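Participant: My structure is stored as work_5.cif, with mmCIF, N, CA and C atoms.
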```cif
data_my_file
loop_
_atom_site.label_atom_id
_atom_site.label_comp_id
_atom_site.auth_asym_id
_atom_site.auth_seq_id
_atom_site.Cartn_x
_atom_site.Cartn_y
_atom_site.Cartn_z
N MET A 1 28.73 84.54 36.49
CA MET A 1 28.73 83.37 37.36
C MET A 1 29.59 83.67 38.59
N PRO A 2 29.05 83.47 39.78
CA PRO A 2 29.81 83.75 41.00
C PRO A 2 31.04 82.86 41.10
N ASN A 3 32.11 83.42 41.64
CA ASN A 3 33.32 82.62 41.82
C ASN A 3 33.37 82.03 43.23
N TYR A 4 34.44 81.30 43.50
CA TYR A 4 34.58 80.61 44.78
C TYR A 4 34.49 81.56 45.96
N LYS A 5 35.22 82.70 45.90
CA LYS A 5 35.22 83.65 47.01
C LYS A 5 33.83 84.24 47.24
N GLN A 6 33.11 84.53 46.15
CA GLN A 6 31.75 85.06 46.29
C GLN A 6 30.83 84.02 46.92
N ASN A 7 30.96 82.78 46.49
CA ASN A 7 30.14 81.71 47.07
C ASN A 7 30.44 81.52 48.55
N LEU A 8 31.73 81.55 48.91
CA LEU A 8 32.12 81.42 50.30
C LEU A 8 31.57 82.59 51.12
N GLY A 9 31.69 83.80 50.58
CA GLY A 9 31.17 84.97 51.27
C GLY A 9 29.66 84.91 51.47
N HIS A 10 28.95 84.49 50.44
CA HIS A 10 27.49 84.37 50.54
C HIS A 10 27.11 83.32 51.59
N TRP A 11 27.82 82.20 51.59
CA TRP A 11 27.57 81.17 52.59
C TRP A 11 27.82 81.72 53.99
N GLY A 12 28.93 82.42 54.17
CA GLY A 12 29.26 83.00 55.47
C GLY A 12 28.20 83.99 55.94
N GLU A 13 27.71 84.81 55.03
CA GLU A 13 26.66 85.76 55.39
C GLU A 13 25.38 85.05 55.81
N THR A 14 25.06 83.95 55.15
CA THR A 14 23.88 83.17 55.53
C THR A 14 24.07 82.57 56.92
N VAL A 15 25.26 82.02 57.17
CA VAL A 15 25.56 81.46 58.50
C VAL A 15 25.45 82.56 59.56
N ALA A 16 26.01 83.73 59.27
CA ALA A 16 25.97 84.85 60.22
C ALA A 16 24.54 85.31 60.48
N ALA A 17 23.75 85.43 59.42
CA ALA A 17 22.36 85.86 59.57
C ALA A 17 21.59 84.86 60.43
N ASP A 18 21.75 83.58 60.17
CA ASP A 18 21.08 82.55 60.97
C ASP A 18 21.53 82.61 62.43
N PHE A 19 22.82 82.85 62.65
CA PHE A 19 23.37 82.97 63.99
C PHE A 19 22.71 84.14 64.74
N LEU A 20 22.61 85.28 64.06
CA LEU A 20 22.00 86.45 64.69
C LEU A 20 20.52 86.21 65.01
N ILE A 21 19.82 85.60 64.08
CA ILE A 21 18.40 85.31 64.30
C ILE A 21 18.22 84.40 65.52
N GLN A 22 19.10 83.40 65.65
CA GLN A 22 19.03 82.51 66.81
C GLN A 22 19.31 83.26 68.11
N LYS A 23 20.07 84.36 68.05
CA LYS A 23 20.36 85.17 69.23
C LYS A 23 19.28 86.23 69.48
N GLY A 24 18.22 86.23 68.66
CA GLY A 24 17.12 87.16 68.89
C GLY A 24 17.17 88.45 68.10
N TYR A 25 18.12 88.57 67.18
CA TYR A 25 18.20 89.75 66.33
C TYR A 25 17.17 89.64 65.21
N GLN A 26 16.80 90.78 64.66
CA GLN A 26 15.98 90.84 63.46
C GLN A 26 16.90 91.29 62.32
N VAL A 27 17.06 90.47 61.31
CA VAL A 27 17.90 90.84 60.17
C VAL A 27 17.03 91.64 59.20
N LEU A 28 17.42 92.90 58.96
CA LEU A 28 16.65 93.80 58.11
C LEU A 28 17.07 93.73 56.65
N HIS A 29 18.38 93.72 56.41
CA HIS A 29 18.89 93.72 55.03
C HIS A 29 20.18 92.92 54.93
N ARG A 30 20.42 92.41 53.73
CA ARG A 30 21.68 91.75 53.40
C ARG A 30 22.27 92.45 52.20
N ASN A 31 23.57 92.58 52.19
CA ASN A 31 24.28 93.16 51.04
C ASN A 31 23.72 94.51 50.64
N GLU A 32 23.57 95.38 51.61
CA GLU A 32 23.05 96.72 51.36
C GLU A 32 24.16 97.60 50.81
N ARG A 33 23.94 98.19 49.65
CA ARG A 33 24.96 99.01 49.01
C ARG A 33 24.78 100.49 49.37
N THR A 34 25.92 101.13 49.64
CA THR A 34 25.93 102.58 49.86
C THR A 34 27.05 103.15 49.00
N ALA A 35 27.15 104.46 48.98
CA ALA A 35 28.23 105.11 48.23
C ALA A 35 29.60 104.79 48.83
N PHE A 36 29.63 104.29 50.07
CA PHE A 36 30.89 104.01 50.74
C PHE A 36 31.21 102.52 50.81
N GLY A 37 30.41 101.71 50.16
CA GLY A 37 30.65 100.27 50.16
C GLY A 37 29.43 99.50 50.61
N GLU A 38 29.59 98.22 50.60
CA GLU A 38 28.49 97.32 50.93
C GLU A 38 28.49 96.99 52.42
N ILE A 39 27.29 96.91 52.98
CA ILE A 39 27.10 96.46 54.36
C ILE A 39 26.59 95.03 54.26
N ASP A 40 27.33 94.09 54.86
CA ASP A 40 26.94 92.69 54.73
C ASP A 40 25.57 92.42 55.33
N LEU A 41 25.37 92.82 56.57
CA LEU A 41 24.08 92.61 57.24
C LEU A 41 23.70 93.85 58.03
N VAL A 42 22.44 94.19 57.97
CA VAL A 42 21.87 95.23 58.84
C VAL A 42 20.83 94.52 59.70
N ALA A 43 20.99 94.66 61.00
CA ALA A 43 20.09 93.95 61.92
C ALA A 43 19.63 94.90 63.02
N ARG A 44 18.66 94.44 63.79
CA ARG A 44 18.20 95.18 64.96
C ARG A 44 18.27 94.25 66.16
N GLN A 45 18.78 94.79 67.25
CA GLN A 45 18.76 94.10 68.53
C GLN A 45 18.08 95.07 69.49
N ASP A 46 16.88 94.73 69.88
CA ASP A 46 16.04 95.64 70.66
C ASP A 46 15.90 96.94 69.86
N ARG A 47 16.38 98.07 70.39
CA ARG A 47 16.25 99.36 69.69
C ARG A 47 17.57 99.82 69.06
N VAL A 48 18.51 98.92 68.94
CA VAL A 48 19.83 99.25 68.40
C VAL A 48 19.95 98.69 66.97
N THR A 49 20.36 99.57 66.05
CA THR A 49 20.66 99.12 64.69
C THR A 49 22.09 98.60 64.68
N VAL A 50 22.28 97.41 64.14
CA VAL A 50 23.58 96.76 64.15
C VAL A 50 24.03 96.53 62.71
N PHE A 51 25.17 97.09 62.37
CA PHE A 51 25.78 96.89 61.06
C PHE A 51 26.84 95.82 61.22
N VAL A 52 26.77 94.77 60.41
CA VAL A 52 27.63 93.62 60.61
C VAL A 52 28.51 93.37 59.39
N GLU A 53 29.80 93.32 59.64
CA GLU A 53 30.77 92.90 58.63
C GLU A 53 31.06 91.42 58.88
N VAL A 54 30.88 90.60 57.85
CA VAL A 54 31.09 89.17 57.97
C VAL A 54 32.38 88.81 57.24
N LYS A 55 33.27 88.12 57.94
CA LYS A 55 34.53 87.65 57.35
C LYS A 55 34.56 86.14 57.47
N THR A 56 34.77 85.47 56.35
CA THR A 56 34.74 84.00 56.32
C THR A 56 36.04 83.47 55.75
N ARG A 57 36.58 82.48 56.40
CA ARG A 57 37.79 81.80 55.92
C ARG A 57 37.59 80.29 56.06
N THR A 58 38.20 79.55 55.16
CA THR A 58 38.13 78.08 55.25
C THR A 58 39.29 77.51 56.05
N SER A 59 40.34 78.31 56.22
CA SER A 59 41.50 77.87 57.00
C SER A 59 42.16 79.11 57.60
N LEU A 60 43.17 78.87 58.41
CA LEU A 60 43.89 79.97 59.02
C LEU A 60 45.22 80.23 58.31
N ASN A 61 45.37 79.73 57.10
CA ASN A 61 46.61 79.93 56.33
C ASN A 61 46.95 81.40 56.17
N TYR A 62 45.95 82.26 56.10
CA TYR A 62 46.18 83.69 55.94
C TYR A 62 45.76 84.47 57.17
N GLY A 63 45.67 83.80 58.30
CA GLY A 63 45.30 84.45 59.55
C GLY A 63 43.82 84.30 59.86
N TYR A 64 43.44 84.85 60.98
CA TYR A 64 42.03 84.80 61.41
C TYR A 64 41.20 85.72 60.53
N PRO A 65 39.94 85.38 60.30
CA PRO A 65 39.10 86.20 59.42
C PRO A 65 39.06 87.67 59.83
N GLU A 66 38.93 87.93 61.12
CA GLU A 66 38.78 89.30 61.60
C GLU A 66 40.04 90.13 61.39
N GLU A 67 41.18 89.47 61.21
CA GLU A 67 42.43 90.20 61.00
C GLU A 67 42.49 90.90 59.64
N SER A 68 41.56 90.57 58.76
CA SER A 68 41.56 91.19 57.43
C SER A 68 40.88 92.56 57.41
N ILE A 69 40.39 93.02 58.55
CA ILE A 69 39.72 94.32 58.61
C ILE A 69 40.77 95.40 58.90
N THR A 70 41.09 96.14 57.87
CA THR A 70 42.10 97.18 57.96
C THR A 70 41.51 98.49 58.51
N ARG A 71 42.39 99.44 58.78
CA ARG A 71 41.93 100.77 59.22
C ARG A 71 41.04 101.40 58.15
N GLN A 72 41.42 101.23 56.89
CA GLN A 72 40.61 101.78 55.78
C GLN A 72 39.24 101.11 55.72
N LYS A 73 39.20 99.79 55.94
CA LYS A 73 37.93 99.07 55.94
C LYS A 73 37.05 99.57 57.08
N ARG A 74 37.64 99.78 58.26
CA ARG A 74 36.86 100.30 59.40
C ARG A 74 36.27 101.66 59.06
N HIS A 75 37.06 102.52 58.43
CA HIS A 75 36.58 103.84 58.03
C HIS A 75 35.40 103.70 57.06
N HIS A 76 35.53 102.81 56.08
CA HIS A 76 34.44 102.61 55.11
C HIS A 76 33.19 102.05 55.81
N MET A 77 33.38 101.18 56.79
CA MET A 77 32.24 100.63 57.52
C MET A 77 31.48 101.73 58.23
N ILE A 78 32.20 102.63 58.87
CA ILE A 78 31.56 103.75 59.58
C ILE A 78 30.82 104.64 58.59
N GLN A 79 31.47 105.00 57.50
CA GLN A 79 30.85 105.88 56.51
C GLN A 79 29.62 105.22 55.88
N ALA A 80 29.70 103.92 55.60
CA ALA A 80 28.56 103.20 55.03
C ALA A 80 27.39 103.17 56.01
N ALA A 81 27.68 102.95 57.29
CA ALA A 81 26.62 102.94 58.30
C ALA A 81 25.96 104.31 58.40
N LEU A 82 26.75 105.38 58.40
CA LEU A 82 26.18 106.72 58.47
C LEU A 82 25.33 107.03 57.24
N ALA A 83 25.78 106.61 56.08
CA ALA A 83 25.00 106.82 54.84
C ALA A 83 23.69 106.05 54.91
N TYR A 84 23.74 104.82 55.38
CA TYR A 84 22.54 104.00 55.51
C TYR A 84 21.55 104.67 56.46
N LEU A 85 22.04 105.11 57.61
CA LEU A 85 21.16 105.77 58.58
C LEU A 85 20.56 107.05 58.01
N GLY A 86 21.32 107.76 57.18
CA GLY A 86 20.78 108.95 56.53
C GLY A 86 19.63 108.63 55.59
N ASP A 87 19.68 107.45 54.98
CA ASP A 87 18.62 107.02 54.07
C ASP A 87 17.46 106.35 54.80
N HIS A 88 17.64 106.04 56.08
CA HIS A 88 16.61 105.34 56.86
C HIS A 88 16.37 106.06 58.18
N PRO A 89 15.74 107.23 58.13
CA PRO A 89 15.52 108.00 59.37
C PRO A 89 14.66 107.26 60.39
N GLU A 90 13.91 106.28 59.96
CA GLU A 90 13.08 105.51 60.90
C GLU A 90 13.94 104.70 61.87
N LEU A 91 15.22 104.54 61.56
CA LEU A 91 16.13 103.79 62.43
C LEU A 91 17.01 104.70 63.28
N ALA A 92 16.65 105.97 63.36
CA ALA A 92 17.44 106.92 64.16
C ALA A 92 17.55 106.41 65.58
N GLY A 93 18.68 106.67 66.18
CA GLY A 93 18.92 106.23 67.55
C GLY A 93 20.25 105.52 67.65
N ASP A 94 20.36 104.64 68.63
CA ASP A 94 21.62 103.94 68.87
C ASP A 94 21.95 102.98 67.74
N TRP A 95 23.25 102.87 67.47
CA TRP A 95 23.73 101.92 66.47
C TRP A 95 25.14 101.52 66.82
N ARG A 96 25.57 100.40 66.22
CA ARG A 96 26.93 99.93 66.44
C ARG A 96 27.38 99.10 65.24
N LEU A 97 28.69 98.86 65.21
CA LEU A 97 29.30 98.05 64.15
C LEU A 97 29.87 96.78 64.78
N ASP A 98 29.40 95.65 64.28
CA ASP A 98 29.87 94.35 64.76
C ASP A 98 30.64 93.64 63.66
N VAL A 99 31.43 92.68 64.06
CA VAL A 99 32.12 91.79 63.12
C VAL A 99 31.79 90.36 63.51
N ILE A 100 31.45 89.56 62.52
CA ILE A 100 31.28 88.13 62.74
C ILE A 100 32.33 87.42 61.91
N ALA A 101 33.19 86.67 62.60
CA ALA A 101 34.25 85.90 61.96
C ALA A 101 33.84 84.44 61.91
N ILE A 102 33.94 83.85 60.72
CA ILE A 102 33.51 82.47 60.52
C ILE A 102 34.67 81.68 59.92
N GLN A 103 34.92 80.52 60.52
CA GLN A 103 35.90 79.58 59.97
C GLN A 103 35.16 78.30 59.66
N GLY A 104 35.20 77.91 58.40
CA GLY A 104 34.51 76.69 58.00
C GLY A 104 34.22 76.71 56.52
N ARG A 105 33.46 75.73 56.10
CA ARG A 105 33.06 75.65 54.70
C ARG A 105 31.74 74.91 54.59
N LYS A 106 31.01 75.24 53.55
CA LYS A 106 29.73 74.61 53.28
C LYS A 106 29.92 73.11 53.14
N GLY A 107 29.09 72.36 53.81
CA GLY A 107 29.17 70.91 53.74
C GLY A 107 30.16 70.30 54.69
N GLY A 108 30.92 71.13 55.41
CA GLY A 108 31.90 70.63 56.38
C GLY A 108 31.29 70.54 57.76
N PRO A 109 32.15 70.33 58.76
CA PRO A 109 31.64 70.33 60.13
C PRO A 109 31.08 71.70 60.48
N PRO A 110 30.33 71.81 61.56
CA PRO A 110 29.77 73.11 61.93
C PRO A 110 30.88 74.17 62.01
N PRO A 111 30.62 75.34 61.46
CA PRO A 111 31.66 76.38 61.44
C PRO A 111 31.89 76.96 62.83
N GLU A 112 33.08 77.50 63.01
CA GLU A 112 33.39 78.24 64.23
C GLU A 112 32.96 79.68 63.99
N ILE A 113 32.15 80.22 64.89
CA ILE A 113 31.62 81.58 64.74
C ILE A 113 32.04 82.40 65.96
N VAL A 114 32.65 83.55 65.69
CA VAL A 114 33.01 84.47 66.77
C VAL A 114 32.35 85.81 66.45
N HIS A 115 31.57 86.31 67.40
CA HIS A 115 30.82 87.56 67.22
C HIS A 115 31.47 88.64 68.08
N TYR A 116 31.99 89.65 67.42
CA TYR A 116 32.58 90.80 68.12
C TYR A 116 31.58 91.94 68.10
N GLU A 117 30.95 92.19 69.23
CA GLU A 117 30.00 93.28 69.33
C GLU A 117 30.74 94.60 69.50
N ASN A 118 30.23 95.63 68.85
CA ASN A 118 30.81 96.98 68.94
C ASN A 118 32.30 96.94 68.62
N ALA A 119 32.63 96.23 67.56
CA ALA A 119 34.04 95.97 67.19
C ALA A 119 34.72 97.19 66.57
N VAL A 120 33.94 98.08 66.00
CA VAL A 120 34.50 99.27 65.34
C VAL A 120 33.83 100.48 65.98
N ASN A 121 34.63 101.36 66.53
CA ASN A 121 34.09 102.56 67.18
C ASN A 121 34.05 103.72 66.21
N SER A 122 32.96 104.46 66.26
CA SER A 122 32.78 105.57 65.32
C SER A 122 33.44 106.82 65.77
#
```
Will you turn the file into structure tokens for me?
Facilitator:
Amino acid sequence: MPNYKQNLGHWGETVAADFLIQKGYQVLHRNERTAFGEIDLVARQDRVTVFVEVKTRTSLNYGYPEESITRQKRHHMIQAALAYLGDHPELAGDWRLDVIAIQGRKGGPPPEIVHYENAVNS
């Protein structure tokens, strides 16, 4: 049975996916697993493959959502993206790593969404 954090994360990923779709992105995969960790969202914007890390918080008691991305997490994000691209040669070409930070909760007022494009450099 999923716990509170898993439910919050799933909700945040759904909010992020809907946000990207509204901005004209094509969401290809959710929760894609690689040997280096999970990729929350894989999307395409024109000819660019976009790997998205989604961070969701209900309050700022522990800081902004994006502040939870450590140097080690950034390294894993890069390695996971490279592994994914190795398994999907049809997506060869430009790619980037984005972060979507969400503050809110299901059933509450509309969440605050901040999209950091090219947030992690390879």
Participant: Would you please work out which residue, of A:Tyr116, A:Tyr62, A:Tyr4, A:Tyr25, is nearest to A:Ala43 when using only N, CA and C atoms?
Facilitator: A:Tyr25
Participant: Enumerate, as a list in words, the protein, DNA and RNA residues whose atoms approach (22.2, 89.8, 53.6) to within 7 Å, taking into account all atoms listed in the file and the coordinate frame of the file.
Facilitator: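 Selection result: Glu13, Thr14, His29, Arg30, Asn31, Glu32, Ile39, Asp40, Leu41 and Val42 of chain A.
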Participant: Those residues with N, CA and C atoms, as a PDB file, keeping the file's coordinate frame please?
Facilitator:
```
ATOM      1  N   GLU A  13      27.710  84.810  55.030  1.00  0.00           N
ATOM      2  CA  GLU A  13      26.660  85.760  55.390  1.00  0.00           C
ATOM      3  C   GLU A  13      25.380  85.050  55.810  1.00  0.00           C
ATOM      4  N   THR A  14      25.060  83.950  55.150  1.00  0.00           N
ATOM      5  CA  THR A  14      23.880  83.170  55.530  1.00  0.00           C
ATOM      6  C   THR A  14      24.070  82.570  56.920  1.00  0.00           C
ATOM      7  N   HIS A  29      18.380  93.720  56.410  1.00  0.00           N
ATOM      8  CA  HIS A  29      18.890  93.720  55.030  1.00  0.00           C
ATOM      9  C   HIS A  29      20.180  92.920  54.930  1.00  0.00           C
ATOM     10  N   ARG A  30      20.420  92.410  53.730  1.00  0.00           N
ATOM     11  CA  ARG A  30      21.680  91.750  53.400  1.00  0.00           C
ATOM     12  C   ARG A  30      22.270  92.450  52.200  1.00  0.00           C
ATOM     13  N   ASN A  31      23.570  92.580  52.190  1.00  0.00           N
ATOM     14  CA  ASN A  31      24.280  93.160  51.040  1.00  0.00           C
ATOM     15  C   ASN A  31      23.720  94.510  50.640  1.00  0.00           C
ATOM     16  N   GLU A  32      23.570  95.380  51.610  1.00  0.00           N
ATOM     17  CA  GLU A  32      23.050  96.720  51.360  1.00  0.00           C
ATOM     18  C   GLU A  32      24.160  97.600  50.810  1.00  0.00           C
ATOM     19  N   ILE A  39      27.290  96.910  52.980  1.00  0.00           N
ATOM     20  CA  ILE A  39      27.100  96.460  54.360  1.00  0.00           C
ATOM     21  C   ILE A  39      26.590  95.030  54.260  1.00  0.00           C
ATOM     22  N   ASP A  40      27.330  94.090  54.860  1.00  0.00           N
ATOM     23  CA  ASP A  40      26.940  92.690  54.730  1.00  0.00           C
ATOM     24  C   ASP A  40      25.570  92.420  55.330  1.00  0.00           C
ATOM     25  N   LEU A  41      25.370  92.820  56.570  1.00  0.00           N
ATOM     26  CA  LEU A  41      24.080  92.610  57.240  1.00  0.00           C
ATOM     27  C   LEU A  41      23.700  93.850  58.030  1.00  0.00           C
ATOM     28  N   VAL A  42      22.440  94.190  57.970  1.00  0.00           N
ATOM     29  CA  VAL A  42      21.870  95.230  58.840  1.00  0.00           C
ATOM     30  C   VAL A  42      20.830  94.520  59.700  1.00  0.00           C
TER      31      VAL A  42
END
```
Participant: What are the DSSP strand (DSSP E) residues of chain A, as a ChimeraX atom specification?
Facilitator: /A:26-34,37-45,48-57,95-103,112-120
Participant: So the first atom is atom CA of A:Ala16 and the second is atom CA of A:Gln45; what is the distance between them in Å, to one decimal place?
Facilitator: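 About the pair atom CA of A:Ala16 and atom CA of A:Gln45: they are 14.4 Å apart.
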Participant: Hey, which of A:His115, A:Lys23, A:Arg105, A:Arg44 ends up closest to A:Thr56? Count only C-alpha atoms.
Facilitator: A:Arg105
Participant: In terms of the shortest atom-to-atom distance over all atoms listed in the file, which of A:Val48, A:Ile113, A:Met77, A:Ile69 is closest to A:Leu91?
Facilitator: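 Of A:Val48, A:Ile113, A:Met77, A:Ile69, the one nearest A:Leu91, counting all atoms listed in the file, is A:Val48.
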Participant: Would you list, as a list in words, the residues of stretch 26-103 of chain A that end up in helix (DSSP H, G or I) under DSSP run on this structure's backbone?
Facilitator: Pro65, Glu66, Glu67, Ser68, Arg71, Gln72, Lys73, Arg74, His75, His76, Met77, Ile78, Gln79, Ala80, Ala81, Leu82, Ala83, Tyr84, Leu85, Gly86, Asp87, Pro89, Glu90 and Leu91 of chain A
Participant: So what does the PyMOL selection byres (((chain A and resi 79 and name CA) around 12) and name CA) actually pick up in this one, as a ChimeraX atom specification?
Facilitator: /A:33-39,51,72-78,80-86,97,120-122
Participant: Quick one: pull the distance between atom N of A:Gly104 and atom N of A:Ser59, Å, one decimal.
Facilitator: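 According to the coordinates, atom N of A:Gly104 and atom N of A:Ser59 are separated by 5.6 Å.
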Participant: Would you mind telling me which residue in A:Leu60, A:Ile21, A:Leu28, A:Val50 lies nearest to A:Trp95 when using only N, CA and C atoms?
Facilitator: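 Checking each of A:Leu60, A:Ile21, A:Leu28, A:Val50 against A:Trp95, counting only N, CA and C atoms, the winner is A:Val50.
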